[in-house]
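Structure file protein_3.txt; described as compact mmCIF, C-alpha atoms.
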# COMPACT_ATOMS: atom_id res chain seq x y z
CA MET A 214 -1.75 40.41 -55.26
CA MET A 215 -2.37 40.04 -51.51
CA GLU A 216 -6.09 40.57 -51.73
CA LYS A 217 -6.35 37.73 -54.26
CA ARG A 218 -4.54 35.33 -51.96
CA VAL A 219 -6.68 35.91 -48.87
CA PRO A 220 -9.58 33.57 -49.80
CA GLY A 221 -7.13 30.90 -50.91
CA LEU A 222 -5.15 31.12 -47.67
CA ALA A 223 -8.38 30.83 -45.69
CA LEU A 224 -9.32 27.66 -47.58
CA VAL A 225 -5.86 26.15 -47.00
CA ALA A 226 -6.06 26.94 -43.29
CA ALA A 227 -9.51 25.40 -43.04
CA PHE A 228 -8.35 22.23 -44.86
CA MET A 229 -5.33 21.83 -42.60
CA THR A 230 -7.52 22.25 -39.54
CA LEU A 231 -10.01 19.61 -40.64
CA ALA A 232 -7.21 17.22 -41.59
CA GLY A 233 -6.16 17.02 -37.94
CA CYS A 234 -9.65 16.30 -36.59
CA ALA A 235 -10.64 12.99 -35.08
CA SER A 236 -12.94 10.76 -37.10
CA TYR A 237 -16.17 9.15 -35.88
CA ARG A 238 -16.68 5.42 -35.60
CA SER A 239 -19.92 3.92 -34.39
CA ALA A 240 -19.85 1.61 -31.34
CA PRO A 241 -23.06 -0.42 -30.95
CA LEU A 242 -24.19 -1.31 -27.45
CA ASP A 243 -23.12 -4.70 -26.17
CA ARG A 244 -26.48 -6.39 -25.71
CA ALA A 245 -25.16 -9.87 -24.82
CA PRO A 246 -25.14 -10.81 -21.09
CA ASN A 247 -21.68 -11.75 -19.85
CA LEU A 248 -22.55 -14.15 -17.03
CA ALA A 249 -20.05 -16.98 -16.71
CA SER A 250 -21.64 -20.42 -16.70
CA HIS A 251 -18.93 -22.09 -14.65
CA VAL A 252 -16.45 -21.05 -11.97
CA SER A 253 -13.54 -22.10 -14.18
CA ASP A 254 -14.53 -19.33 -16.61
CA LEU A 255 -13.76 -16.63 -14.04
CA VAL A 256 -10.51 -14.69 -13.79
CA GLY A 257 -8.39 -16.04 -10.91
CA ALA A 258 -10.35 -19.28 -10.49
CA ASN A 259 -8.57 -22.35 -9.10
CA ASN A 260 -9.50 -26.03 -9.09
CA ARG A 261 -10.13 -26.05 -5.34
CA PRO A 262 -12.67 -24.79 -2.82
CA ILE A 263 -12.65 -21.00 -2.74
CA THR A 264 -11.01 -19.37 0.27
CA LEU A 265 -11.63 -15.82 1.43
CA ALA A 266 -8.37 -14.68 -0.19
CA ASP A 267 -9.39 -16.38 -3.47
CA LEU A 268 -12.75 -14.64 -3.29
CA ASP A 269 -11.14 -11.20 -2.98
CA ARG A 270 -9.08 -11.72 -6.15
CA MET A 271 -12.02 -13.16 -8.09
CA VAL A 272 -14.36 -10.31 -7.13
CA LEU A 273 -11.84 -7.65 -8.18
CA GLY A 274 -11.25 -9.42 -11.49
CA ASN A 275 -14.81 -10.35 -12.41
CA ASN A 276 -17.38 -8.07 -10.77
CA PRO A 277 -19.43 -6.45 -13.59
CA GLU A 278 -20.11 -3.21 -11.72
CA LEU A 279 -16.44 -2.70 -10.89
CA ARG A 280 -15.53 -3.28 -14.53
CA ALA A 281 -18.04 -0.62 -15.57
CA ALA A 282 -16.87 1.79 -12.87
CA ARG A 283 -13.26 1.55 -14.05
CA ALA A 284 -14.35 3.15 -17.31
CA LYS A 285 -14.70 6.39 -15.34
CA LEU A 286 -10.92 6.54 -15.09
CA GLY A 287 -10.77 7.01 -18.86
CA VAL A 288 -13.23 9.88 -18.58
CA ALA A 289 -11.11 11.50 -15.86
CA THR A 290 -7.96 11.15 -17.99
CA ALA A 291 -9.74 12.80 -20.91
CA GLN A 292 -10.81 15.68 -18.65
CA VAL A 293 -7.17 16.23 -17.60
CA ILE A 294 -6.16 16.38 -21.27
CA GLU A 295 -8.99 18.83 -21.97
CA ALA A 296 -7.87 21.06 -19.08
CA GLU A 297 -4.36 21.35 -20.54
CA LEU A 298 -5.54 22.62 -23.89
CA LEU A 299 -5.67 26.31 -24.77
CA PRO A 300 -8.38 27.74 -26.99
CA ASN A 301 -7.39 28.15 -30.61
CA PRO A 302 -6.33 31.58 -31.84
CA GLN A 303 -9.03 33.50 -33.65
CA ILE A 304 -8.50 34.70 -37.19
CA ALA A 305 -10.59 37.56 -38.53
CA LEU A 306 -10.81 38.18 -42.28
CA SER A 307 -12.37 41.21 -43.87
CA TYR A 308 -12.76 41.65 -47.62
CA PRO A 309 -15.44 44.27 -48.29
CA PHE A 310 -16.36 45.46 -51.79
CA TYR A 311 -17.04 49.14 -52.28
CA MET A 312 -19.81 49.90 -54.69
CA ALA A 313 -18.67 53.49 -55.26
CA GLY A 314 -15.42 55.41 -55.09
CA PRO A 315 -12.20 55.81 -56.97
CA ASN A 316 -11.84 53.03 -59.49
CA GLY A 317 -14.31 50.88 -57.47
CA SER A 318 -11.55 50.12 -55.00
CA ASP A 319 -11.80 47.48 -52.35
CA ALA A 320 -9.95 46.83 -49.08
CA PHE A 321 -9.06 43.86 -46.94
CA SER A 322 -7.68 43.06 -43.48
CA VAL A 323 -6.37 39.98 -41.67
CA GLY A 324 -6.18 39.68 -37.86
CA VAL A 325 -4.96 36.97 -35.43
CA ALA A 326 -5.88 37.20 -31.74
CA GLN A 327 -5.42 35.06 -28.63
CA ASP A 328 -7.45 35.11 -25.40
CA LEU A 329 -5.13 35.92 -22.45
CA LYS A 330 -7.52 34.84 -19.70
CA SER A 331 -7.47 31.26 -20.94
CA ILE A 332 -3.68 31.26 -20.45
CA LEU A 333 -4.06 32.77 -17.00
CA LEU A 334 -6.62 30.14 -15.92
CA ARG A 335 -4.90 27.13 -17.48
CA PRO A 336 -2.88 26.07 -14.36
CA THR A 337 -6.02 26.27 -12.21
CA ARG A 338 -8.04 24.26 -14.74
CA ARG A 339 -5.33 21.58 -14.64
CA GLU A 340 -5.43 21.57 -10.84
CA ILE A 341 -9.21 21.15 -10.89
CA ALA A 342 -9.01 18.25 -13.37
CA ASP A 343 -6.13 16.50 -11.56
CA ASN A 344 -7.96 16.57 -8.23
CA ALA A 345 -11.20 15.45 -9.85
CA ALA A 346 -9.39 12.51 -11.45
CA SER A 347 -7.82 11.59 -8.10
CA ALA A 348 -11.26 11.78 -6.47
CA ILE A 349 -12.68 9.39 -9.08
CA ASN A 350 -9.80 6.97 -8.53
CA ALA A 351 -10.35 7.02 -4.76
CA SER A 352 -14.12 6.61 -5.19
CA LEU A 353 -13.50 3.57 -7.38
CA LEU A 354 -11.28 2.04 -4.71
CA TRP A 355 -13.96 2.70 -2.08
CA GLN A 356 -16.44 0.91 -4.32
CA GLU A 357 -13.99 -2.01 -4.47
CA TRP A 358 -13.77 -2.02 -0.66
CA GLN A 359 -17.53 -2.10 -0.33
CA THR A 360 -17.92 -4.83 -2.95
CA LEU A 361 -15.24 -6.94 -1.27
CA GLY A 362 -16.91 -6.37 2.10
CA LYS A 363 -20.26 -7.52 0.74
CA ALA A 364 -18.69 -10.61 -0.84
CA ARG A 365 -16.84 -11.46 2.39
CA LEU A 366 -20.03 -11.06 4.39
CA LEU A 367 -21.92 -13.39 2.05
CA PHE A 368 -19.04 -15.88 2.25
CA VAL A 369 -19.13 -15.90 6.05
CA ASP A 370 -22.93 -16.13 6.15
CA ILE A 371 -23.03 -19.01 3.66
CA VAL A 372 -20.38 -21.01 5.55
CA SER A 373 -22.06 -20.28 8.90
CA GLY A 374 -25.44 -21.10 7.36
CA GLU A 375 -24.16 -24.50 6.26
CA ARG A 376 -23.16 -25.24 9.85
CA ALA A 377 -26.56 -24.08 11.05
CA GLU A 378 -28.24 -26.32 8.46
CA LYS A 379 -26.36 -29.34 9.80
CA ALA A 380 -27.40 -28.49 13.37
CA LEU A 381 -31.03 -28.13 12.28
CA GLN A 382 -30.83 -31.41 10.40
CA ARG A 383 -29.70 -33.13 13.61
CA SER A 384 -32.58 -31.55 15.50
CA ARG A 385 -35.07 -32.47 12.77
CA LYS A 386 -33.82 -36.08 12.67
CA PHE A 387 -34.05 -36.46 16.43
CA LEU A 388 -37.51 -34.92 16.73
CA GLN A 389 -38.84 -36.83 13.73
CA GLU A 390 -37.68 -40.09 15.27
CA ARG A 391 -39.43 -39.27 18.56
CA PHE A 392 -42.54 -38.23 16.64
CA ASP A 393 -42.58 -41.52 14.70
CA LEU A 394 -42.11 -43.54 17.90
CA THR A 395 -44.97 -41.69 19.58
CA LYS A 396 -47.26 -42.34 16.59
CA ALA A 397 -46.36 -46.02 16.71
CA ALA A 398 -47.10 -46.11 20.44
CA ILE A 399 -50.51 -44.52 19.84
CA LYS A 400 -51.34 -47.18 17.24
CA GLN A 401 -50.36 -49.87 19.71
CA GLY A 402 -52.50 -48.25 22.41
CA ASN A 403 -49.50 -47.44 24.59
CA ALA A 404 -49.87 -43.63 24.35
CA THR A 405 -52.58 -41.03 23.92
CA LEU A 406 -52.93 -38.26 21.35
CA ALA A 407 -51.97 -35.74 24.05
CA ALA A 408 -48.46 -37.23 24.03
CA LEU A 409 -48.17 -36.54 20.29
CA SER A 410 -48.97 -32.83 20.46
CA PRO A 411 -45.59 -31.56 21.80
CA ASP A 412 -43.69 -33.63 19.27
CA LEU A 413 -45.87 -32.39 16.43
CA VAL A 414 -45.27 -28.75 17.40
CA ALA A 415 -41.53 -29.31 17.79
CA VAL A 416 -41.21 -31.05 14.42
CA GLY A 417 -43.21 -28.26 12.73
CA ASP A 418 -41.03 -25.55 14.27
CA VAL A 419 -37.74 -27.15 13.25
CA GLU A 420 -39.06 -27.86 9.73
CA LYS A 421 -40.03 -24.20 9.34
CA SER A 422 -36.64 -23.02 10.63
CA TYR A 423 -34.86 -25.32 8.20
CA ASP A 424 -36.99 -24.23 5.24
CA ASP A 425 -36.42 -20.54 6.08
CA LEU A 426 -32.67 -21.08 6.31
CA GLU A 427 -32.63 -23.05 3.06
CA ARG A 428 -34.29 -20.16 1.21
CA LEU A 429 -31.93 -17.66 2.82
CA GLN A 430 -28.91 -19.73 1.83
CA LEU A 431 -30.08 -19.92 -1.77
CA ASN A 432 -30.54 -16.15 -1.84
CA ARG A 433 -27.05 -15.62 -0.39
CA ARG A 434 -25.51 -17.87 -3.02
CA HIS A 435 -27.36 -16.03 -5.79
CA GLN A 436 -26.03 -12.70 -4.48
CA LEU A 437 -22.47 -14.01 -4.27
CA ASN A 438 -22.66 -15.43 -7.78
CA ALA A 439 -23.91 -12.06 -9.02
CA LEU A 440 -20.93 -10.29 -7.44
CA LEU A 441 -18.64 -12.65 -9.35
CA GLY A 442 -20.47 -12.28 -12.67
CA LEU A 443 -21.51 -15.94 -12.39
CA ALA A 444 -24.80 -17.50 -13.46
CA PRO A 445 -27.23 -17.76 -10.49
CA ASP A 446 -27.32 -21.55 -10.28
CA ALA A 447 -23.66 -22.20 -11.11
CA PRO A 448 -22.15 -24.25 -8.24
CA LEU A 449 -19.64 -22.40 -6.06
CA LEU A 450 -17.69 -24.53 -3.58
CA LEU A 451 -16.50 -22.51 -0.57
CA ALA A 452 -13.75 -23.50 1.85
CA GLY A 453 -15.33 -23.53 5.29
CA ALA A 454 -12.11 -23.02 7.23
CA SER A 455 -11.23 -19.61 5.75
CA GLU A 456 -10.23 -16.94 8.24
CA THR A 457 -11.57 -13.40 8.35
CA PRO A 458 -9.22 -10.49 9.10
CA ARG A 459 -8.58 -10.35 12.82
CA VAL A 460 -9.64 -7.39 14.92
CA ASP A 461 -7.20 -5.63 17.24
CA ALA A 462 -9.44 -3.14 19.01
CA GLN A 463 -6.58 -1.30 20.72
CA ARG A 464 -4.68 -0.76 17.48
CA ILE A 465 -7.82 0.27 15.60
CA ARG A 466 -8.55 2.98 18.15
CA ALA A 467 -4.91 4.13 18.03
CA ASP A 468 -5.03 4.40 14.23
CA MET A 469 -8.29 6.35 14.08
CA ALA A 470 -6.41 9.66 13.72
CA SER A 471 -4.88 8.52 10.41
CA LEU A 472 -8.17 7.18 8.99
CA PRO A 473 -8.73 10.23 6.69
CA ASP A 474 -5.35 9.50 5.06
CA ARG A 475 -6.16 5.81 4.39
CA ARG A 476 -9.87 5.35 3.70
CA PRO A 477 -10.79 5.87 0.04
CA ASP A 478 -14.16 7.58 0.58
CA LEU A 479 -12.56 10.16 2.88
CA ILE A 480 -9.67 10.62 0.46
CA ALA A 481 -12.12 11.11 -2.42
CA LEU A 482 -13.92 13.82 -0.44
CA GLN A 483 -10.61 15.56 0.27
CA TYR A 484 -9.68 15.54 -3.41
CA GLY A 485 -13.15 16.83 -4.20
CA TYR A 486 -12.61 19.64 -1.68
CA ARG A 487 -9.25 20.51 -3.26
CA SER A 488 -10.88 20.58 -6.69
CA GLU A 489 -13.63 22.87 -5.42
CA ASP A 490 -11.07 25.15 -3.75
CA ALA A 491 -9.36 25.47 -7.12
CA LYS A 492 -12.72 26.28 -8.72
CA LEU A 493 -13.17 29.09 -6.20
CA ARG A 494 -9.75 30.52 -7.06
CA GLN A 495 -10.59 30.21 -10.74
CA ALA A 496 -13.80 32.16 -10.17
CA ILE A 497 -11.82 34.87 -8.38
CA LEU A 498 -9.28 35.06 -11.20
CA SER A 499 -12.15 35.27 -13.67
CA GLN A 500 -13.01 38.72 -12.22
CA PHE A 501 -10.17 40.17 -14.26
CA PRO A 502 -11.26 41.55 -17.63
CA ASN A 503 -10.97 39.23 -20.54
CA VAL A 504 -8.21 40.53 -22.82
CA ALA A 505 -7.47 39.37 -26.35
CA ILE A 506 -4.31 40.53 -28.10
CA GLY A 507 -3.06 39.87 -31.59
CA LEU A 508 -1.78 41.27 -34.84
CA VAL A 509 -3.71 42.78 -37.72
CA SER A 510 -2.65 43.66 -41.21
CA GLY A 511 -4.59 45.03 -44.14
CA ARG A 512 -4.94 47.45 -46.99
CA ASP A 513 -7.43 50.23 -47.34
CA SER A 514 -9.12 51.53 -50.45
CA SER A 515 -6.22 53.91 -51.10
CA SER A 516 -3.81 50.95 -51.40
CA ILE A 517 -2.15 51.89 -48.12
CA TYR A 518 -0.97 48.79 -46.21
CA SER A 519 -1.03 48.62 -42.43
CA PHE A 520 0.37 46.18 -39.87
CA GLY A 521 0.40 46.29 -36.06
CA PRO A 522 -0.88 45.03 -32.70
CA GLU A 523 -4.52 44.88 -31.74
CA ALA A 524 -6.16 44.42 -28.31
CA SER A 525 -9.73 44.06 -27.10
CA PHE A 526 -11.03 43.69 -23.56
CA GLU A 527 -14.27 43.66 -21.68
CA LEU A 528 -15.35 46.23 -19.12
CA PRO A 529 -16.40 44.59 -15.79
CA VAL A 530 -19.23 47.03 -15.19
CA PHE A 531 -22.33 44.83 -14.75
CA ASN A 532 -20.84 41.43 -13.99
CA ARG A 533 -17.73 40.99 -11.87
CA ASN A 534 -18.34 37.24 -11.42
CA GLU A 535 -19.90 37.73 -7.97
CA GLY A 536 -22.48 35.00 -8.57
CA ALA A 537 -19.91 32.36 -9.57
CA ILE A 538 -17.69 33.25 -6.59
CA ALA A 539 -20.58 32.99 -4.14
CA LEU A 540 -21.60 29.64 -5.63
CA GLU A 541 -18.11 28.18 -5.34
CA GLN A 542 -17.72 29.48 -1.79
CA ALA A 543 -21.00 27.85 -0.76
CA THR A 544 -20.08 24.59 -2.51
CA ARG A 545 -16.69 24.50 -0.80
CA GLU A 546 -18.33 24.97 2.60
CA GLN A 547 -20.83 22.21 1.77
CA LEU A 548 -18.01 19.80 0.90
CA ASN A 549 -16.19 20.73 4.08
CA ARG A 550 -19.25 19.82 6.15
CA GLU A 551 -19.84 16.63 4.17
CA PHE A 552 -16.28 15.49 4.84
CA ASN A 553 -16.58 16.18 8.56
CA ALA A 554 -19.95 14.42 8.71
CA ARG A 555 -18.55 11.34 6.92
CA LEU A 556 -15.52 11.27 9.21
CA THR A 557 -17.72 11.61 12.30
CA ALA A 558 -20.01 8.82 11.08
CA ALA A 559 -17.02 6.57 10.33
CA GLU A 560 -15.63 7.00 13.82
CA GLY A 561 -19.05 6.32 15.34
CA GLU A 562 -19.58 3.17 13.21
CA ILE A 563 -16.17 1.79 14.08
CA GLY A 564 -16.64 2.52 17.79
CA ALA A 565 -20.07 0.85 17.79
CA LEU A 566 -18.75 -2.25 16.01
CA LEU A 567 -15.84 -2.56 18.43
CA SER A 568 -18.27 -2.38 21.35
CA GLU A 569 -20.53 -5.01 19.75
CA GLN A 570 -17.54 -7.25 19.06
CA SER A 571 -16.54 -7.07 22.70
CA LEU A 572 -20.05 -8.05 23.82
CA LEU A 573 -20.29 -10.93 21.31
CA ALA A 574 -16.88 -12.24 22.40
CA ARG A 575 -18.03 -12.26 26.06
CA GLN A 576 -21.30 -13.98 25.18
CA LEU A 577 -19.48 -16.59 23.08
CA ALA A 578 -17.07 -17.27 25.92
CA ALA A 579 -19.97 -17.55 28.39
CA ILE A 580 -21.91 -20.04 26.27
CA GLU A 581 -19.03 -22.52 26.05
CA PRO A 582 -19.33 -23.88 29.63
CA ARG A 583 -23.13 -23.90 29.36
CA LEU A 584 -22.93 -25.85 26.11
CA LYS A 585 -20.42 -28.28 27.60
CA GLU A 586 -22.73 -28.79 30.56
CA ALA A 587 -25.74 -29.31 28.28
CA ARG A 588 -23.85 -31.94 26.25
CA LEU A 589 -22.85 -33.80 29.41
CA ILE A 590 -26.40 -33.78 30.77
CA ALA A 591 -27.77 -34.91 27.40
CA GLU A 592 -25.34 -37.84 27.29
CA LYS A 593 -26.29 -38.97 30.81
CA THR A 594 -29.99 -38.49 30.09
CA GLU A 595 -29.77 -40.54 26.89
CA ALA A 596 -28.02 -43.38 28.73
CA ALA A 597 -30.62 -43.32 31.52
CA PHE A 598 -33.49 -43.19 29.02
CA LYS A 599 -32.17 -46.21 27.13
CA GLN A 600 -32.02 -48.09 30.44
CA GLY A 601 -35.66 -47.19 31.03
CA SER A 602 -34.95 -45.13 34.16
CA PHE A 603 -35.79 -41.67 32.74
CA ASP A 604 -39.00 -40.05 31.54
CA GLU A 605 -39.25 -39.77 27.76
CA ARG A 606 -40.74 -36.26 27.73
CA ALA A 607 -37.97 -34.91 29.95
CA TYR A 608 -35.37 -36.68 27.81
CA VAL A 609 -36.71 -35.01 24.64
CA ASP A 610 -36.73 -31.60 26.31
CA ILE A 611 -33.11 -31.97 27.44
CA GLU A 612 -31.97 -33.08 23.98
CA VAL A 613 -33.79 -30.17 22.33
CA ALA A 614 -32.23 -27.72 24.84
CA GLN A 615 -28.77 -29.06 24.03
CA LEU A 616 -29.34 -28.75 20.27
CA THR A 617 -30.75 -25.23 20.74
CA ARG A 618 -27.57 -24.17 22.51
CA GLU A 619 -25.52 -25.59 19.65
CA GLN A 620 -27.47 -23.37 17.25
CA GLU A 621 -27.08 -20.39 19.58
CA LYS A 622 -23.29 -20.83 19.52
CA ILE A 623 -23.29 -20.95 15.71
CA GLY A 624 -25.38 -17.76 15.63
CA LEU A 625 -22.96 -15.95 17.97
CA GLN A 626 -19.98 -17.08 15.92
CA GLN A 627 -21.65 -15.84 12.75
CA ALA A 628 -22.48 -12.47 14.32
CA LEU A 629 -18.87 -12.14 15.52
CA LEU A 630 -17.52 -12.93 12.05
CA ASP A 631 -20.00 -10.53 10.41
CA GLY A 632 -18.77 -7.77 12.70
CA GLN A 633 -15.16 -8.56 11.85
CA VAL A 634 -15.93 -8.34 8.14
CA ALA A 635 -17.74 -5.01 8.64
CA LEU A 636 -14.79 -3.63 10.61
CA ALA A 637 -12.33 -4.82 7.98
CA THR A 638 -14.33 -2.91 5.36
CA LEU A 639 -14.44 0.28 7.44
CA ILE A 640 -10.73 0.30 8.34
CA GLY A 641 -9.36 -1.39 5.21
CA ALA A 642 -7.96 -4.60 6.72
CA GLY A 643 -6.87 -6.83 3.85
CA MET A 644 -8.12 -4.29 1.29
CA PRO A 645 -6.32 -2.64 -1.66
CA ARG A 646 -4.34 0.32 -0.33
CA ILE A 647 -4.44 4.02 -1.12
CA SER A 648 -2.98 7.11 0.52
CA ILE A 649 -3.28 10.84 0.05
CA GLY A 650 -0.24 13.03 -0.20
CA PRO A 651 0.25 16.53 1.18
CA GLU A 652 -1.67 19.25 -0.59
CA PRO A 653 0.59 21.14 -3.01
CA PRO A 654 0.56 24.95 -3.10
CA PRO A 655 -2.26 26.35 -5.22
CA ALA A 656 -1.72 27.12 -8.87
CA ASP A 657 -1.30 30.89 -8.70
CA VAL A 658 0.14 32.72 -11.70
CA LEU A 659 -0.49 36.18 -10.20
CA GLY A 660 0.63 35.35 -6.64
CA LEU A 661 -2.74 36.24 -5.12
CA PHE A 662 -3.33 33.13 -2.99
CA GLN A 663 0.05 32.16 -1.62
CA ALA A 664 -0.51 33.93 1.67
CA THR A 665 -3.77 32.06 2.35
CA SER A 666 -2.72 28.58 1.15
CA ARG A 667 -2.94 25.77 3.69
Represent the structure contained in this file as structure tokens.
Amino acid sequence: MMEKRVPGLALVAAFMTLAGCASYRSAPLDRAPNLASHVSDLVGANNRPITLADLDRMVLGNNPELRAARAKLGVATAQVIEAELLPNPQIALSYPFYMAGPNGSDAFSVGVAQDLKSILLRPTRREIADNAASAINASLLWQEWQTLGKARLLFVDIVSGERAEKALQRSRKFLQERFDLTKAAIKQGNATLAALSPDLVAVGDVEKSYDDLERLQLNRRHQLNALLGLAPDAPLLLAGASETPRVDAQRIRADMASLPDRRPDLIALQYGYRSEDAKLRQAILSQFPNVAIGLVSGRDSSSIYSFGPEASFELPVFNRNEGAIALEQATREQLNREFNARLTAAEGEIGALLSEQSLLARQLAAIEPRLKEARLIAEKTEAAFKQGSFDERAYVDIEVAQLTREQEKIGLQQALLDGQVALATLIGAGMPRISIGPEPPPADVLGLFQATSR
């Protein structure tokens, strides 16, 4: 009766297999923009002016691009699950009908086989997937660092820009008053048009500077709102007294040797290199012939039943996986060079910023006495001018020089803060932390790579 049961058993097996399959459910695209209309709608918002620490939390919780990037972690987890799975055993059924012969006999056979190479490569596939998932996680953290750095930079620039706007407003008010007085003097016949020309040029210059800064400030606010997932024109009140992470140049230089173990982009490249190294070992293991073993049972046309092992394997005559091995070797070398290039660039960027910070600090210290002197001279000049003992043109020039130095100080302070923010991004000051552990020994079922492992 066995030959009559074979088709039925095949149908039962097929039904059981399909019963365990996942079902499909459609997921339409989300076509509705998710911009918050008010700061209070954001995750981590408080009813107070936003400090730099508040901004960090709000960016991590609300940035649309970071939210989308975190979906990659689910993809990486799925790839790890996929790497752990073995291919299903193969079942072969044969039920031929003989058109001629004794009693019109027929025969059948049933075979079950499993691919051995898939079992051999499974630990290496898991190693590849684990390292790839770790690389994605580190890359996501590096994206968070960069997004936080951009938000911090915009914060500093907006706060510094507000100070610069106030300084320009003082300059504009002073020059406009002098311009109006000169126009009135011309109407009264006490001054000539030649006296109006310098004031006209000065007022035009300060108006242009203020308009340029006003546009720049609006653009900065739009960018910061976008990083928070906030509508462009939603008001965002920033606390002007927030502190940026401080820079200790000596400690930064001392910690440069451990930078590859702390910075996410360098850690991601190292995990990528480990994954590629595992791919190379997988390509080498794939040189071995593919072997499938199993069991087969059947009955021939003489009603003789048979049962026993069966094996099939390929002959590595034309293809011994040389192309795949060469590709993985070249890719591993490429990743090695990319890591070293990134590390070299990081050290150069940090060194350059430290040098620039040192120069800016010296220039800021040097401008303080000059600014103090300019303020003192301006006060004495104003008193003398009001007493009628000082030339008006010289008085205006001295006041403008003093206001210009005020703006110069604000510019130096902003440049110093920008550099501190850039350094904090490069070295991870105040950033979410990550570290890379020691590299485990390679997955090596056959013991071929233990002698060459790092």
Subject >> Test item: residues at most 10 Å from A:Asp412, all atoms listed in the file, excluding those fewer than 2 positions along its chain, as a PyMOL selection string >> reply: chain A and resi 388-393+395-396+407-410+414-418+606+609
**OP:** Write out as a list of chain:residue names the residues lying within 9 Å of A:Asn549, counting all atoms listed in the file and excluding same-chain residues fewer than 6 positions away.
**Re:**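 Selected residues are A:Leu482, A:Gln483, A:Tyr486.
For the pair atom CA of A:Val634 and atom CA of A:Asn553, the interatomic distance is 24.5 Å.
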Original post:
Which is closer to A:Ala281 than all the others in A:Ile517, A:Leu394, A:Ile465, A:Leu353, using only C-alpha atoms?
Top reply: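 The closest residue to A:Ala281 is A:Leu353.
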**OP:** Excluding A:Ala296 and residues on its chain fewer than 3 positions from it, collect all residues at most 9 Å away from it, counting all atoms listed in the file, and give them as an NGL selection string.
**Re:** :A and (291-293 or 299 or 335-343)
**OP:** Would you kindly return, as a VMD selection string, each protein, DNA or RNA residue with an atom no farther than 8 Å from any atom of stretch 574-588 of chain A, considering all atoms listed in the file and excluding same-chain residues fewer than 2 positions away?
**Re:** chain A and resid 570 to 572 590 to 592 611 614 to 615 618 to 619 622 625 to 626 629
Original post:
From the list A:Met271, A:Ile649, A:Ile304, A:Ile623, which residue is nearest A:Ala348 when using only C-alpha atoms?
Top reply: A:Ile649
Subject >> Test item: residues at most 10 Å from A:Ala462, all atoms listed in the file, excluding those fewer than 5 positions along its chain, as a VMD selection string >> reply: chain A and resid 467 to 468 563 to 564 566 to 568 570 to 571 636
**OP:** Taking the point (-9.5, -2.9, 8.2) as given in the file, collect each protein or nucleic acid residue that comes within 12 Å of it, counting all atoms listed in the file, and present the set as a ChimeraX atom specification.
**Re:** /A:358-359,361-362,457-462,464-466,468-469,472,475-476,563,632-646
Original post:
Separation of atom CA of A:Val372 and atom CA of A:Glu427, in Å?
Top reply: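 Atom CA of A:Glu427 lies 12.7 Å from atom CA of A:Val372.
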Give, as AutoDock Vina command-line options, the centre coordinates and the x, y and z edge lengths in Å to one decimal for an axis-aligned box around all listed atoms of stretch 342-356 of chain A, padded by 6 Å on each side.
--center_x -11.3 --center_y 9.6 --center_z -7.7 --size_x 22.3 --size_y 29.3 --size_z 23.3
